[in-house]
$ cat protein.cif   # mmCIF, C-alpha atoms (C1' of nucleotides)
data_work
#
loop_
_atom_site.label_atom_id
_atom_site.label_comp_id
_atom_site.auth_asym_id
_atom_site.auth_seq_id
_atom_site.Cartn_x
_atom_site.Cartn_y
_atom_site.Cartn_z
CA MET A 1 23.83 19.73 -15.24
CA LYS A 2 21.01 18.53 -17.40
CA LYS A 3 17.53 19.47 -16.36
CA VAL A 4 15.25 16.57 -15.49
CA LEU A 5 11.69 16.88 -14.34
CA VAL A 6 10.56 14.09 -12.06
CA ILE A 7 6.99 13.21 -11.29
CA ALA A 8 7.12 10.57 -8.63
CA GLY A 9 4.86 9.57 -5.80
CA VAL A 10 2.03 7.26 -5.04
CA THR A 11 0.28 4.88 -7.39
CA GLY A 12 -3.12 5.83 -8.76
CA VAL A 13 -3.15 9.57 -8.18
CA GLY A 14 -2.66 10.73 -11.75
CA LYS A 15 1.10 10.92 -12.25
CA SER A 16 0.90 9.79 -15.86
CA LYS A 17 -1.62 12.44 -16.73
CA LEU A 18 0.40 15.16 -15.05
CA GLY A 19 3.44 13.93 -16.94
CA VAL A 20 1.69 14.38 -20.25
CA THR A 21 0.45 17.82 -19.22
CA MET A 22 3.98 18.89 -18.32
CA ALA A 23 5.40 17.42 -21.52
CA LYS A 24 2.97 19.42 -23.61
CA LEU A 25 3.64 22.63 -21.73
CA PHE A 26 7.40 22.37 -21.61
CA ASN A 27 8.31 20.48 -24.76
CA GLY A 28 9.12 17.28 -22.95
CA GLU A 29 9.35 13.57 -23.51
CA ILE A 30 8.60 10.96 -20.92
CA ILE A 31 10.67 8.18 -19.43
CA SER A 32 8.74 5.74 -17.29
CA GLY A 33 10.19 5.08 -13.87
CA ASP A 34 8.08 2.07 -13.23
CA SER A 35 9.33 -1.42 -12.61
CA VAL A 36 6.32 -3.30 -13.95
CA ALA A 37 5.16 -1.35 -16.99
CA VAL A 38 8.41 -2.28 -18.72
CA TYR A 39 6.90 -5.65 -19.48
CA LYS A 40 4.90 -5.91 -22.66
CA GLU A 41 2.56 -8.56 -21.26
CA LEU A 42 1.66 -6.71 -18.08
CA THR A 43 -0.72 -3.93 -18.96
CA ILE A 44 -3.95 -3.95 -17.02
CA GLY A 45 -2.46 -4.93 -13.67
CA SER A 46 0.38 -2.45 -14.01
CA ALA A 47 -2.07 0.39 -14.70
CA LYS A 48 0.02 1.21 -17.73
CA ILE A 49 -0.71 4.42 -19.59
CA SER A 50 -2.62 3.80 -22.82
CA LYS A 51 -1.69 5.04 -26.28
CA ASP A 52 -4.60 7.50 -26.19
CA GLU A 53 -3.58 8.89 -22.84
CA MET A 54 -0.09 9.59 -24.15
CA GLU A 55 -1.60 12.19 -26.47
CA GLY A 56 1.25 11.87 -28.90
CA ILE A 57 3.98 12.49 -26.33
CA PRO A 58 6.85 10.00 -26.73
CA HIS A 59 7.08 7.56 -23.81
CA TYR A 60 10.16 5.45 -23.15
CA GLY A 61 10.65 2.53 -20.84
CA ILE A 62 7.25 1.02 -21.42
CA ASP A 63 6.81 -2.36 -23.14
CA ILE A 64 10.52 -2.68 -23.68
CA LEU A 65 10.86 -6.19 -22.25
CA THR A 66 8.99 -9.45 -22.60
CA LEU A 67 8.52 -11.86 -19.76
CA ASP A 68 11.41 -14.08 -20.77
CA LYS A 69 13.69 -11.27 -19.55
CA GLU A 70 14.21 -9.81 -16.09
CA HIS A 71 14.46 -6.18 -15.16
CA ASN A 72 16.52 -4.56 -12.40
CA VAL A 73 17.70 -1.21 -11.10
CA ARG A 74 20.99 -1.32 -12.88
CA ASN A 75 19.34 -1.87 -16.27
CA PHE A 76 16.88 0.86 -15.54
CA GLN A 77 19.59 3.30 -14.53
CA GLU A 78 21.56 2.64 -17.69
CA TYR A 79 18.53 2.82 -19.96
CA ALA A 80 17.06 5.96 -18.39
CA ARG A 81 20.34 7.86 -18.32
CA GLN A 82 20.84 7.10 -21.97
CA LYS A 83 17.33 8.31 -22.77
CA ILE A 84 17.87 11.48 -20.79
CA ASP A 85 20.95 12.20 -22.87
CA GLU A 86 19.08 11.55 -26.10
CA ILE A 87 16.08 13.68 -25.17
CA ALA A 88 18.16 16.53 -23.82
CA GLY A 89 20.34 16.24 -26.93
CA ARG A 90 17.30 17.00 -29.04
CA GLY A 91 16.71 20.10 -26.97
CA LYS A 92 13.74 18.63 -25.16
CA LEU A 93 12.95 18.22 -21.49
CA PRO A 94 13.30 14.70 -20.07
CA ILE A 95 10.47 13.89 -17.70
CA ILE A 96 10.62 10.87 -15.41
CA VAL A 97 7.23 9.58 -14.37
CA GLY A 98 6.97 6.72 -11.96
CA GLY A 99 6.63 5.42 -8.47
CA SER A 100 9.55 3.04 -8.03
CA GLY A 101 11.53 4.98 -5.45
CA LEU A 102 14.77 3.08 -5.64
CA TYR A 103 14.81 3.27 -9.43
CA ILE A 104 14.35 7.00 -9.46
CA ARG A 105 16.87 7.61 -6.74
CA ALA A 106 19.43 5.39 -8.42
CA LEU A 107 18.91 7.32 -11.61
CA LEU A 108 19.25 10.80 -10.15
CA TYR A 109 22.03 10.18 -7.66
CA ASP A 110 25.51 8.84 -8.16
CA TYR A 111 24.64 5.22 -7.47
CA VAL A 112 27.33 2.99 -8.88
CA PHE A 113 26.45 -0.53 -9.89
CA HIS A 114 29.36 -2.75 -10.75
CA SER A 115 29.09 -5.28 -13.48
CA GLU A 116 28.20 -8.51 -11.82
CA GLN A 117 27.78 -11.98 -13.14
CA PRO A 118 24.56 -13.67 -12.07
CA LEU A 119 25.57 -15.41 -8.86
CA ASP A 120 24.64 -18.86 -7.75
CA ILE A 121 23.09 -18.46 -4.32
CA SER A 122 21.97 -22.02 -3.85
CA TRP A 123 24.59 -22.37 -1.10
CA THR A 124 22.38 -20.21 1.12
CA GLU A 125 19.44 -22.59 0.98
CA THR A 126 20.55 -24.83 3.80
CA LEU A 127 21.46 -21.95 6.12
CA THR A 128 19.14 -20.25 8.59
CA ASN A 129 18.61 -16.51 8.78
CA THR A 130 20.74 -16.37 11.89
CA GLU A 131 23.62 -18.28 10.31
CA LEU A 132 23.60 -16.04 7.26
CA HIS A 133 23.49 -12.95 9.40
CA LYS A 134 26.46 -14.21 11.41
CA GLN A 135 28.46 -14.50 8.20
CA LEU A 136 27.58 -10.94 7.34
CA GLN A 137 28.50 -9.83 10.83
CA ALA A 138 32.00 -11.18 10.20
CA ALA A 139 32.38 -9.86 6.67
CA ASP A 140 30.60 -6.51 6.81
CA PRO A 141 29.71 -5.53 10.36
CA ILE A 142 28.33 -2.16 9.36
CA GLN A 143 25.72 -3.62 7.04
CA ALA A 144 25.04 -6.41 9.52
CA GLY A 145 24.07 -3.72 11.97
CA ILE A 146 21.70 -2.14 9.49
CA ILE A 147 20.08 -5.18 7.90
CA HIS A 148 17.74 -7.11 10.15
CA GLU A 149 18.49 -10.80 10.50
CA ASN A 150 15.07 -11.74 9.17
CA ASN A 151 15.57 -9.74 6.01
CA ARG A 152 17.03 -12.75 4.28
CA LYS A 153 17.06 -11.28 0.79
CA ARG A 154 19.06 -8.27 1.87
CA VAL A 155 21.46 -10.36 3.94
CA ILE A 156 22.08 -12.65 0.99
CA ARG A 157 22.53 -9.70 -1.34
CA ALA A 158 25.11 -8.14 0.98
CA LEU A 159 26.98 -11.44 1.11
CA SER A 160 26.73 -11.80 -2.67
CA ILE A 161 28.24 -8.37 -3.20
CA ILE A 162 31.33 -9.48 -1.33
CA ARG A 163 31.63 -12.63 -3.42
CA SER A 164 31.25 -10.92 -6.75
CA THR A 165 33.09 -7.63 -6.20
CA HIS A 166 35.51 -8.61 -3.44
CA GLN A 167 34.45 -5.49 -1.62
CA SER A 168 31.80 -5.12 1.04
CA LYS A 169 28.60 -3.23 0.51
CA SER A 170 29.74 -0.73 3.13
CA GLU A 171 32.98 -0.10 1.24
CA LEU A 172 31.15 0.37 -2.03
CA LEU A 173 28.71 2.77 -0.44
CA SER A 174 31.46 4.79 1.17
CA GLN A 175 32.96 5.40 -2.29
CA GLN A 176 29.80 7.17 -3.41
CA SER A 177 29.07 10.74 -2.54
CA GLN A 178 25.28 10.62 -2.33
CA SER A 179 25.13 13.63 -4.61
CA ILE A 180 22.61 14.32 -7.31
CA ILE A 181 23.93 14.37 -10.87
CA TYR A 182 21.11 16.25 -12.59
CA ASP A 183 19.40 19.56 -12.13
CA ALA A 184 16.25 17.77 -11.06
CA LYS A 185 12.90 19.18 -10.08
CA VAL A 186 11.22 16.42 -8.12
CA PHE A 187 7.54 16.25 -7.36
CA ALA A 188 6.02 13.60 -5.14
CA CYS A 189 2.33 13.19 -5.82
CA THR A 190 -0.12 12.02 -3.23
CA MET A 191 -3.62 12.55 -1.96
CA PRO A 192 -5.44 12.42 1.40
CA ARG A 193 -5.43 8.83 2.62
CA ASP A 194 -9.20 8.25 2.60
CA ILE A 195 -9.71 9.57 -0.92
CA LEU A 196 -6.70 7.67 -2.17
CA TYR A 197 -7.79 4.35 -0.68
CA GLY A 198 -11.24 4.68 -2.20
CA ARG A 199 -9.73 5.34 -5.61
CA LEU A 200 -7.31 2.45 -5.35
CA ASN A 201 -10.04 0.00 -4.33
CA GLN A 202 -12.13 1.10 -7.24
CA ARG A 203 -9.24 0.92 -9.67
CA VAL A 204 -8.84 -2.76 -8.86
CA GLU A 205 -12.53 -3.38 -9.61
CA LEU A 206 -12.08 -1.65 -12.95
CA MET A 207 -9.03 -3.75 -13.73
CA MET A 208 -11.12 -6.86 -13.16
CA MET A 209 -13.72 -5.59 -15.60
CA ASP A 210 -11.00 -4.85 -18.12
CA GLY A 211 -9.93 -8.48 -18.09
CA LEU A 212 -7.14 -8.61 -15.53
CA LEU A 213 -7.81 -12.29 -14.92
CA ASP A 214 -7.10 -13.22 -18.53
CA GLU A 215 -3.95 -11.15 -18.51
CA VAL A 216 -2.69 -12.87 -15.37
CA SER A 217 -3.55 -16.28 -16.77
CA LEU A 218 -1.63 -15.59 -19.95
CA ALA A 219 1.34 -14.12 -18.13
CA LYS A 220 1.65 -16.99 -15.69
CA SER A 221 1.61 -19.57 -18.46
CA LYS A 222 4.33 -17.61 -20.20
CA ALA A 223 6.58 -16.67 -17.30
CA GLY A 224 5.53 -18.96 -14.45
CA TRP A 225 4.74 -17.76 -10.96
CA ASP A 226 8.40 -17.51 -9.98
CA HIS A 227 9.29 -14.72 -12.37
CA PRO A 228 10.08 -11.52 -10.44
CA ALA A 229 7.47 -9.60 -12.41
CA MET A 230 4.80 -12.03 -11.30
CA MET A 231 5.52 -10.98 -7.73
CA ALA A 232 3.94 -7.64 -8.55
CA ILE A 233 0.68 -6.56 -7.01
CA GLY A 234 -2.25 -7.52 -9.19
CA TYR A 235 -0.54 -10.71 -10.30
CA LYS A 236 0.85 -12.68 -7.37
CA GLU A 237 -2.49 -12.58 -5.53
CA PHE A 238 -4.12 -14.74 -8.19
CA LYS A 239 -1.79 -17.68 -7.72
CA ASP A 240 -3.85 -19.01 -4.83
CA TYR A 241 -7.01 -18.44 -6.82
CA PHE A 242 -5.76 -20.39 -9.83
CA GLU A 243 -4.67 -23.15 -7.49
CA SER A 244 -8.11 -23.19 -5.83
CA ARG A 245 -7.04 -22.12 -2.38
CA ILE A 246 -9.01 -18.88 -2.27
CA SER A 247 -12.06 -17.45 -4.02
CA LEU A 248 -11.91 -14.80 -6.68
CA GLU A 249 -13.40 -12.27 -4.26
CA GLU A 250 -10.66 -13.02 -1.76
CA ALA A 251 -7.99 -12.59 -4.41
CA VAL A 252 -9.41 -9.24 -5.45
CA ALA A 253 -9.57 -8.09 -1.83
CA LEU A 254 -5.91 -9.02 -1.43
CA VAL A 255 -4.95 -7.01 -4.49
CA GLN A 256 -6.77 -4.05 -3.00
CA ARG A 257 -5.15 -4.41 0.39
CA ASN A 258 -1.68 -4.82 -1.08
CA THR A 259 -2.18 -1.80 -3.29
CA ARG A 260 -3.12 0.26 -0.23
CA ARG A 261 -0.06 -0.94 1.65
CA PHE A 262 2.13 -0.25 -1.34
CA ALA A 263 0.86 3.30 -1.58
CA LYS A 264 1.73 3.78 2.07
CA ARG A 265 5.23 2.45 1.51
CA GLN A 266 5.69 4.82 -1.40
CA VAL A 267 4.76 7.77 0.79
CA THR A 268 7.26 6.63 3.39
CA TRP A 269 9.97 6.20 0.79
CA PHE A 270 9.65 9.61 -0.82
CA LYS A 271 9.18 11.28 2.53
CA HIS A 272 12.47 10.00 3.88
CA GLN A 273 14.68 9.01 0.98
CA MET A 274 14.55 11.97 -1.34
CA PRO A 275 13.91 15.68 -1.05
CA CYS A 276 10.63 16.25 -2.90
CA ARG A 277 8.03 18.89 -3.42
CA TRP A 278 4.77 17.25 -2.34
CA LEU A 279 1.62 17.67 -4.36
CA ASP A 280 -1.91 16.90 -3.26
CA MET A 281 -3.34 15.70 -6.56
CA SER A 282 -6.90 16.11 -5.32
CA LEU A 283 -6.32 19.87 -5.35
CA GLU A 284 -6.39 21.65 -8.69
CA SER A 285 -4.47 24.49 -7.08
CA ASP A 286 -1.54 22.23 -6.22
CA ILE A 287 -1.25 21.15 -9.82
CA GLU A 288 -1.35 24.74 -11.01
CA SER A 289 1.35 25.83 -8.63
CA ALA A 290 3.46 22.87 -9.70
CA ILE A 291 3.22 24.08 -13.28
CA ASN A 292 4.26 27.55 -12.21
CA GLU A 293 7.21 26.19 -10.29
CA VAL A 294 8.38 24.25 -13.30
CA ARG A 295 8.08 27.35 -15.46
CA GLU A 296 10.21 29.23 -12.95
CA TRP A 297 12.75 26.42 -12.76
CA MET A 298 13.00 26.17 -16.55
CA ASN A 299 14.07 29.79 -16.72
CA HIS A 300 17.03 29.34 -14.45
"C1'" G B 301 -42.61 -25.02 26.50
"C1'" G B 302 -38.08 -28.53 27.17
"C1'" G B 303 -32.72 -29.54 26.34
"C1'" G B 304 -27.86 -28.02 24.77
"C1'" G B 305 -24.02 -24.45 23.09
"C1'" G B 306 -22.13 -19.52 23.02
"C1'" A B 307 -21.08 -14.11 24.30
"C1'" U B 308 -13.10 -12.20 25.00
"C1'" A B 309 -9.58 -5.88 22.44
"C1'" G B 310 -11.67 -2.87 15.27
"C1'" C B 311 -12.77 -8.26 13.34
"C1'" G B 312 -11.81 -13.65 13.76
"C1'" A B 313 -10.07 -16.65 17.64
"C1'" A B 314 -7.06 -18.92 22.07
"C1'" G B 315 -7.27 -18.84 27.16
"C1'" U B 316 -11.03 -22.52 32.23
"C1'" G B 317 -8.45 -19.61 39.54
"C1'" G B 318 -2.53 -16.42 40.29
"C1'" C B 319 3.20 -16.71 35.46
"C1'" U B 320 -2.87 -12.49 31.50
"C1'" A B 321 -3.58 -6.03 29.38
"C1'" A B 322 -5.01 -11.17 27.71
"C1'" A B 323 -1.54 -16.13 22.72
"C1'" C B 324 -2.28 -16.24 17.44
"C1'" G B 325 -4.32 -14.53 12.74
"C1'" C B 326 -6.55 -10.49 10.03
"C1'" G B 327 -7.24 -5.38 9.56
"C1'" G B 328 -4.75 -0.61 10.84
"C1'" U B 329 -0.55 2.78 11.91
"C1'" U B 330 4.69 3.98 11.75
"C1'" G B 331 9.40 3.03 9.89
"C1'" A B 332 13.94 0.75 7.17
"C1'" C B 333 15.52 0.67 2.12
"C1'" U B 334 22.09 1.16 -3.32
"C1'" G B 335 21.06 -5.05 -8.49
"C1'" U B 336 13.75 -9.41 -7.02
"C1'" A B 337 11.89 -2.58 -4.91
"C1'" A B 338 4.41 -3.23 -7.22
"C1'" A B 339 10.06 -6.68 -3.78
"C1'" U B 340 12.00 -7.60 1.17
"C1'" C B 341 12.03 -6.52 6.33
"C1'" A B 342 11.02 -4.26 11.36
"C1'" A B 343 8.14 -1.79 15.32
"C1'" C B 344 3.51 -0.35 17.35
"C1'" U B 345 -1.95 -1.32 17.78
"C1'" C B 346 -7.29 -0.82 25.68
"C1'" U B 347 -6.44 4.22 28.11
"C1'" C B 348 -3.17 7.75 30.44
"C1'" C B 349 0.80 12.55 33.03
"C1'" C B 350 3.55 5.65 29.49
"C1'" U B 351 10.80 2.54 31.94
"C1'" G B 352 5.00 3.61 35.74
"C1'" A B 353 -0.30 3.75 36.62
"C1'" G B 354 -5.49 3.03 35.57
"C1'" U B 355 -9.83 0.50 33.54
"C1'" U B 356 -11.00 -4.44 30.73
"C1'" C B 357 -12.93 -10.30 28.73
"C1'" G B 358 -22.14 -9.32 27.49
"C1'" G B 359 -24.84 -6.81 32.43
"C1'" C B 360 -25.49 -7.17 37.73
"C1'" G B 361 -24.42 -9.71 42.25
"C1'" G B 362 -21.56 -13.40 44.89
"C1'" U B 363 -17.33 -17.12 46.33
"C1'" U B 364 -11.94 -16.32 47.02
"C1'" C B 365 -6.00 -13.49 49.70
"C1'" G B 366 -6.69 -13.48 44.18
"C1'" A B 367 -11.60 -14.51 38.68
"C1'" A B 368 -11.80 -13.68 31.57
"C1'" U B 369 -11.60 -18.34 34.19
"C1'" C B 370 -15.98 -20.85 39.92
"C1'" C B 371 -21.47 -19.88 41.62
"C1'" G B 372 -26.32 -17.19 41.06
"C1'" U B 373 -29.17 -14.18 38.07
"C1'" C B 374 -30.47 -11.13 33.84
"C1'" U B 375 -29.92 -9.83 28.49
"C1'" C B 376 -28.77 -11.33 23.57
"C1'" C B 377 -27.30 -15.13 19.77
"C1'" C B 378 -27.05 -20.28 17.75
"C1'" C B 379 -28.56 -25.55 17.57
"C1'" C B 380 -31.86 -29.67 18.84
"C1'" C B 381 -36.66 -31.59 20.73
"C1'" A B 382 -41.80 -29.95 20.96
#
$ encode --input "protein.cif" --output "structure tokens"
Amino acid sequence: MKKVLVIAGVTGVGKSKLGVTMAKLFNGEIISGDSVAVYKELTIGSAKISKDEMEGIPHYGIDILTLDKEHNVRNFQEYARQKIDEIAGRGKLPIIVGGSGLYIRALLYDYVFHSEQPLDISWTETLTNTELHKQLQAADPIQAGIIHENNRKRVIRALSIIRSTHQSKSELLSQQSQSIIYDAKVFACTMPRDILYGRLNQRVELMMMDGLLDEVSLAKSKAGWDHPAMMAIGYKEFKDYFESRISLEEAVALVQRNTRRFAKRQVTWFKHQMPCRWLDMSLESDIESAINEVREWMNH
RNA sequence: GGGGGGAUAGCGAAGUGGCUAAACGCGGUUGACUGUAAAUCAACUCUCCCUGAGUUCGGCGGUUCGAAUCCGUCUCCCCCCA
């Protein structure tokens, strides 16, 4: 199995920097596991790593799409696996850095995504959550038991899977073994809640000073508010501001709150969805021991 | 000095005699997660020995079988007249 180093975890704790450090120490190259930094136009709000910060280490998966395209897990999985092969083929260590849990999990484990045509889901518009859930109950009772009726997007997705693959989501899942396909060393980075929240709040202020508003304005005129990427934190909150429903201060406060909530969700994800070695990034000693562990792991 | 309005859980705000430990919103916490995932969704949020009990609606005192809700009084806040 190919060795892959993964630096996952919470937003704003210094994953990118640690990635570069590891790359320099262990002859690595970096693949971004981030669902927003892929877009060329979204830089400030996505807290994208800058050219300087890369320190000459090759980074893949950043700025590879423009806003007229749409990204998804399947594309990411395909792209990242290919990059892993290329990097490993050159005798270097592939390092995944990012906080999109599903993306990283889908990359490392044997998730199978079938080729699907974009489906027309306009037929769902006239149906209520309950009606849609009833349909799922009939077609895929296992998933119906797992997906809450109010989780409309998931219910529709489960129904769409049946239409496009003629198999239920439960059947597709049962064909996968949930096993990992790489020799992966996975770190999940975090920080004590109070320190983290202070940093995140401040990061948003800095983004504003760096011109986030202009970036959002440009992006929305290019992609429109309905583009999936514009649903990202740091972008969607400004819709109400541009349409004069809230003040700029209110919009900024919302970005901060949503960033905090997001960080919490990331902790929950990595805590329960993937075995990880947790790192408290506020402790120098944790970072040092991580480096030692990687050194150890590289020798096996 | 006179007149009027108001004080409700971390915050905002309903509630005007029993169905109220108290709607709703915000904030917070916990969790779910296989193609929008920085997305989407759920649960909890007075206290405790928590399928039950205890103490709450500015303070004190009363009316009543029963009060956040009625009466008296005190404290604080806001508005108007002087």
$ residues_around --input "protein.cif" --residues "region 187-192 of chain A" --least-positions-apart "3" --cutoff "8 Å" --atoms "all atoms listed in the file" --output "number ranges by chain"
A: 6-10, 13, 15, 195-196, 267, 270, 276-282
$ atom_distance --input "protein.cif" --atom1 "C1' of G325 (chain B)" --atom2 "CA of Asp240 (chain A)"
18.1 Å
$ resolve_selection --input "protein.cif" --expression "the PyMOL selection byres ((chain B and resi 329) around 12)" --output "compact mmCIF listing (two decimals) with C-alpha atoms (C1' of nucleotides), in the frame of the given file"
# COMPACT_ATOMS: atom_id res chain seq x y z
CA ARG A 261 -0.06 -0.94 1.65
CA LYS A 264 1.73 3.78 2.07
CA ARG A 265 5.23 2.45 1.51
C1' G B 327 -7.24 -5.38 9.56
C1' G B 328 -4.75 -0.61 10.84
C1' U B 330 4.69 3.98 11.75
C1' G B 331 9.40 3.03 9.89
C1' A B 343 8.14 -1.79 15.32
C1' C B 344 3.51 -0.35 17.35
C1' U B 345 -1.95 -1.32 17.78
$ closest_atom_pairs --input "protein.cif" --of "chain B" --to "chain A" --cutoff "8 Å" --atoms "only C-alpha atoms (C1' of nucleotides)" --output "tab-separated table"
residue	atom	partner	partner_atom	distance
B:G331	C1'	A:Thr268	CA	7.7
B:C333	C1'	A:Trp269	CA	7.9
B:U334	C1'	A:Tyr111	CA	6.3
B:G335	C1'	A:Val73	CA	5.7
B:U336	C1'	A:Pro228	CA	5.4
B:A337	C1'	A:Leu102	CA	6.4
B:A338	C1'	A:Ala232	CA	4.6
B:A339	C1'	A:Met231	CA	7.4
B:U340	C1'	A:Lys153	CA	6.3
B:C341	C1'	A:Asn151	CA	4.8
B:A342	C1'	A:His148	CA	7.4
$ write_last_selection --input "protein.cif" --atoms "C-alpha atoms (C1' of nucleotides)" --output "PDB file, keeping the file's coordinate frame"
ATOM      1  C1'   G B 331       9.400   3.030   9.890  1.00  0.00           C
ATOM      2  C1'   C B 333      15.520   0.670   2.120  1.00  0.00           C
ATOM      3  C1'   U B 334      22.090   1.160  -3.320  1.00  0.00           C
ATOM      4  C1'   G B 335      21.060  -5.050  -8.490  1.00  0.00           C
ATOM      5  C1'   U B 336      13.750  -9.410  -7.020  1.00  0.00           C
ATOM      6  C1'   A B 337      11.890  -2.580  -4.910  1.00  0.00           C
ATOM      7  C1'   A B 338       4.410  -3.230  -7.220  1.00  0.00           C
ATOM      8  C1'   A B 339      10.060  -6.680  -3.780  1.00  0.00           C
ATOM      9  C1'   U B 340      12.000  -7.600   1.170  1.00  0.00           C
ATOM     10  C1'   C B 341      12.030  -6.520   6.330  1.00  0.00           C
ATOM     11  C1'   A B 342      11.020  -4.260  11.360  1.00  0.00           C
TER      12        A B 342
END
$ atom_distance --input "protein.cif" --atom1 "CA of Leu108 (chain A)" --atom2 "CA of Glu78 (chain A)"
11.3 Å
$ atom_distance --input "protein.cif" --atom1 "CA of Lys3 (chain A)" --atom2 "CA of Ser174 (chain A)"
26.8 Å
$ resolve_selection --input "protein.cif" --expression "the PyMOL selection byres ((chain B and resi 380-382) around 8)" --output "PyMOL selection string"
chain B and resi 301-304+379
$ write_last_selection --input "protein.cif" --atoms "C-alpha atoms (C1' of nucleotides)" --output "mmCIF file, keeping the file's coordinate frame"
data_model
loop_
_atom_site.group_PDB
_atom_site.id
_atom_site.type_symbol
_atom_site.label_atom_id
_atom_site.label_comp_id
_atom_site.auth_asym_id
_atom_site.auth_seq_id
_atom_site.Cartn_x
_atom_site.Cartn_y
_atom_site.Cartn_z
ATOM 1 C "C1'" G B 301 -42.610 -25.020 26.500
ATOM 2 C "C1'" G B 302 -38.080 -28.530 27.170
ATOM 3 C "C1'" G B 303 -32.720 -29.540 26.340
ATOM 4 C "C1'" G B 304 -27.860 -28.020 24.770
ATOM 5 C "C1'" C B 379 -28.560 -25.550 17.570
#
$ resolve_selection --input "protein.cif" --expression "the PyMOL selection byres ((chain B and resi 322) around 9)" --output "NGL selection string"
:B and (308-309 or 315 or 320-321 or 323 or 357 or 368)
$ residues_around --input "protein.cif" --residues "U373 (chain B)" --least-positions-apart "6" --cutoff "12 Å" --atoms "all atoms listed in the file" --output "ChimeraX atom specification"
/B:359-362
$ write_last_selection --input "protein.cif" --atoms "C-alpha atoms (C1' of nucleotides)" --output "PDB file, in the coordinates of the input"
ATOM      1  C1'   G B 359     -24.840  -6.810  32.430  1.00  0.00           C
ATOM      2  C1'   C B 360     -25.490  -7.170  37.730  1.00  0.00           C
ATOM      3  C1'   G B 361     -24.420  -9.710  42.250  1.00  0.00           C
ATOM      4  C1'   G B 362     -21.560 -13.400  44.890  1.00  0.00           C
TER       5        G B 362
END
$ residues_near_point --input "protein.cif" --point "(-7.5, -4.2, 33.3)" --cutoff "9 Å" --atoms "all atoms listed in the file" --output "VMD selection string"
chain B and resid 321 346 354 to 356
$ residues_around --input "protein.cif" --residues "A367 (chain B)" --least-positions-apart "4" --cutoff "10 Å" --atoms "only C-alpha atoms (C1' of nucleotides)" --output "ChimeraX atom specification"
/B:317-318,363
$ closest_residue --input "protein.cif" --among "A:Ile162, A:Leu42, A:Leu5, A:Ala219" --to "Ile96 (chain A)" --atoms "only C-alpha atoms"
A:Leu5
$ residues_around --input "protein.cif" --residues "region 22-31 of chain A" --least-positions-apart "6" --cutoff "10 Å" --atoms "only C-alpha atoms (C1' of nucleotides)" --output "ChimeraX atom specification"
/A:4-7,16,54-62,79-81,83-84,87-88,91-98,290-291,294-295,298
